[in-house]
Structure formats: structure tokens, C-alpha cells
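A.B. asks: Handing you a structure now.
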Amino acid sequence: MLETPDYRALLATAVDEARRGLAEGGIPIGAALYAGDGRLLGCGHNRRVQEDDPSVHGETDAFRKAGRQRSYRSTIMVTTLAPCWYCSGLVRQFNIGTVVVGESVNFRGGIDWLREHGVRVVDLADPECIELLGGWIAGHPQLWNEDIGED
Ligand SMILES: [Zn+2]
């Protein structure tokens, strides 16, 4: 039987990515796509600001960096923040089996919708993730609203 990977250890990669984004002057959200056995397939971070590209979210960046995979059923998308609708759609489109979120306090995104459709969602309610993004949002409310598509 396959052992469940340590989700908090996997989250550390996403947090590193979020901090990298912050250091680049971007929105601190990071993600990583793992194989079911805990092998890292790809990781990335939001680069809306850095590349003037609203389609580069942490999840989409990690997904693209992972390259082609035959099946996503056993993969784990780990992200510092609950995925937005766009990234939740990506999870459904490719049948990613498990989503691990660092937190859903600052943004709840599509996690209820994902659960309703059979995706396993693990919310770690990680204080570091809550603080990292929460502090950033307080200082950049307009940029945050732009990122989540709010006027
Ligand atoms: Zn997203």
C-alpha cells in the first residue's frame, strides 16, 4: 500500500515558492505538483506582476513546469492558498486527485466545489501561510482584488 506523504513537508516547497515571489515583488502564492509517492514534478509561483501575465498563478505555473503526465489521478497539487476558480478548473480538467492547501482563511476559492466533485482537499490551516499572504493583502488591497478578479 502506498504511504501517504507528509503534507506539511510538501507544503514547504510551495511556501518557498511564495517567498520567492514576494522577493521578486510579486504576489506571495506558491504551489507544487507532486506524484502520489511524494516525488516533486514541478513547482512555481504567481507571476502576475513580474511578467504582466494574469494567467500565471502558482498552480498553473507548477502544472506547466511539471510537463506532460500520463495521468493526474494520483498527483497532489499543493498550494499555499485555496485555489481560485481558474485553478480549481485546472484541477477538475486534469482529474488531479488531491489538493493540499496551506490555508483558506484569506481566500476560500473553489474548495467546496472541488470536494463536491470528489476531489480530496486537505486544508492544513498553516499559520505561516495565513500570515504571509494576509500581511501582503493588507499592504496591497488593489493588487489583490485584481488577482482574484474583483472590482
Ligand atoms: Zn488560481
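Just remember, in the C-alpha cells the first chain shown is A, the second B, etc., residues are 1-based per chain, and ligands are 1-based in the order shown.
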Under the rule of at most 8 Å, produce a per-residue listing of region 36-61 of chain A near region 3-23 of chain A: chain, number, name, the closest pair of atoms, and the distance in Å, as JSON lines, using only C-alpha atoms.
C.D. replies:
{"residue": "A:Gly36", "atom": "CA", "partner": "A:Pro5", "partner_atom": "CA", "distance": 7.7}
{"residue": "A:Asp37", "atom": "CA", "partner": "A:Pro5", "partner_atom": "CA", "distance": 6.7}
{"residue": "A:Gly38", "atom": "CA", "partner": "A:Pro5", "partner_atom": "CA", "distance": 5.6}
{"residue": "A:Cys43", "atom": "CA", "partner": "A:Ala14", "partner_atom": "CA", "distance": 7.1}
{"residue": "A:Gly44", "atom": "CA", "partner": "A:Glu17", "partner_atom": "CA", "distance": 5.9}
{"residue": "A:His45", "atom": "CA", "partner": "A:Glu17", "partner_atom": "CA", "distance": 5.5}
{"residue": "A:Asn46", "atom": "CA", "partner": "A:Gly21", "partner_atom": "CA", "distance": 6.7}
{"residue": "A:Arg47", "atom": "CA", "partner": "A:Gly21", "partner_atom": "CA", "distance": 7.0}
A.B. asks: Take the residues just selected and output them with C-alpha atoms as a compact mmCIF listing (two decimals), in the first residue's frame.
C.D. replies:
# COMPACT_ATOMS: atom_id res chain seq x y z
CA GLY A 36 1.44 10.24 -5.32
CA ASP A 37 4.66 8.85 -3.85
CA GLY A 38 5.84 12.32 -2.87
CA CYS A 43 6.74 23.94 -8.68
CA GLY A 44 6.11 27.60 -9.30
CA HIS A 45 4.60 30.85 -8.07
CA ASN A 46 2.24 33.62 -9.06
CA ARG A 47 3.95 35.96 -11.54
A.B. asks: Do you know which residues are within 9 Å of ligand 1 using only C-alpha atoms and all ligand atoms? Can you write them as a PyMOL selection string?
C.D. replies: chain A and resi 46+55-60+81-88+90+109+147-148
A.B. asks: Could you find all residues in region 38-146 of chain A that DSSP calls strand (DSSP E) from the backbone, and write them as a list in words?
C.D. replies: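 Result set for region 38-146 of chain A (strand (DSSP E)): Leu40, Leu41, Gly42, Cys43, Gly44, His45, Ile76, Met77, Val78, Thr79, Thr98, Val99, Val100, Val101, Arg120, Val121, Val122 and Asp123 of chain A.
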A.B. asks: Determine, using only C-alpha atoms, which residues of region 33-87 of chain A have any atom at most 10 Å from an atom of region 120-123 of chain A, and tabulate each with its shortest atom pair and distance in Å to one decimal place, rows ordered by chain and then rising number, as JSON lines.
C.D. replies:
{"residue": "A:Ile76", "atom": "CA", "partner": "A:Arg120", "partner_atom": "CA", "distance": 9.3}
{"residue": "A:Met77", "atom": "CA", "partner": "A:Val121", "partner_atom": "CA", "distance": 9.6}
{"residue": "A:Val78", "atom": "CA", "partner": "A:Val122", "partner_atom": "CA", "distance": 9.3}
{"residue": "A:Thr79", "atom": "CA", "partner": "A:Asp123", "partner_atom": "CA", "distance": 9.9}
{"residue": "A:Thr80", "atom": "CA", "partner": "A:Asp123", "partner_atom": "CA", "distance": 9.8}
{"residue": "A:Leu81", "atom": "CA", "partner": "A:Asp123", "partner_atom": "CA", "distance": 9.3}
{"residue": "A:Ala82", "atom": "CA", "partner": "A:Asp123", "partner_atom": "CA", "distance": 8.2}
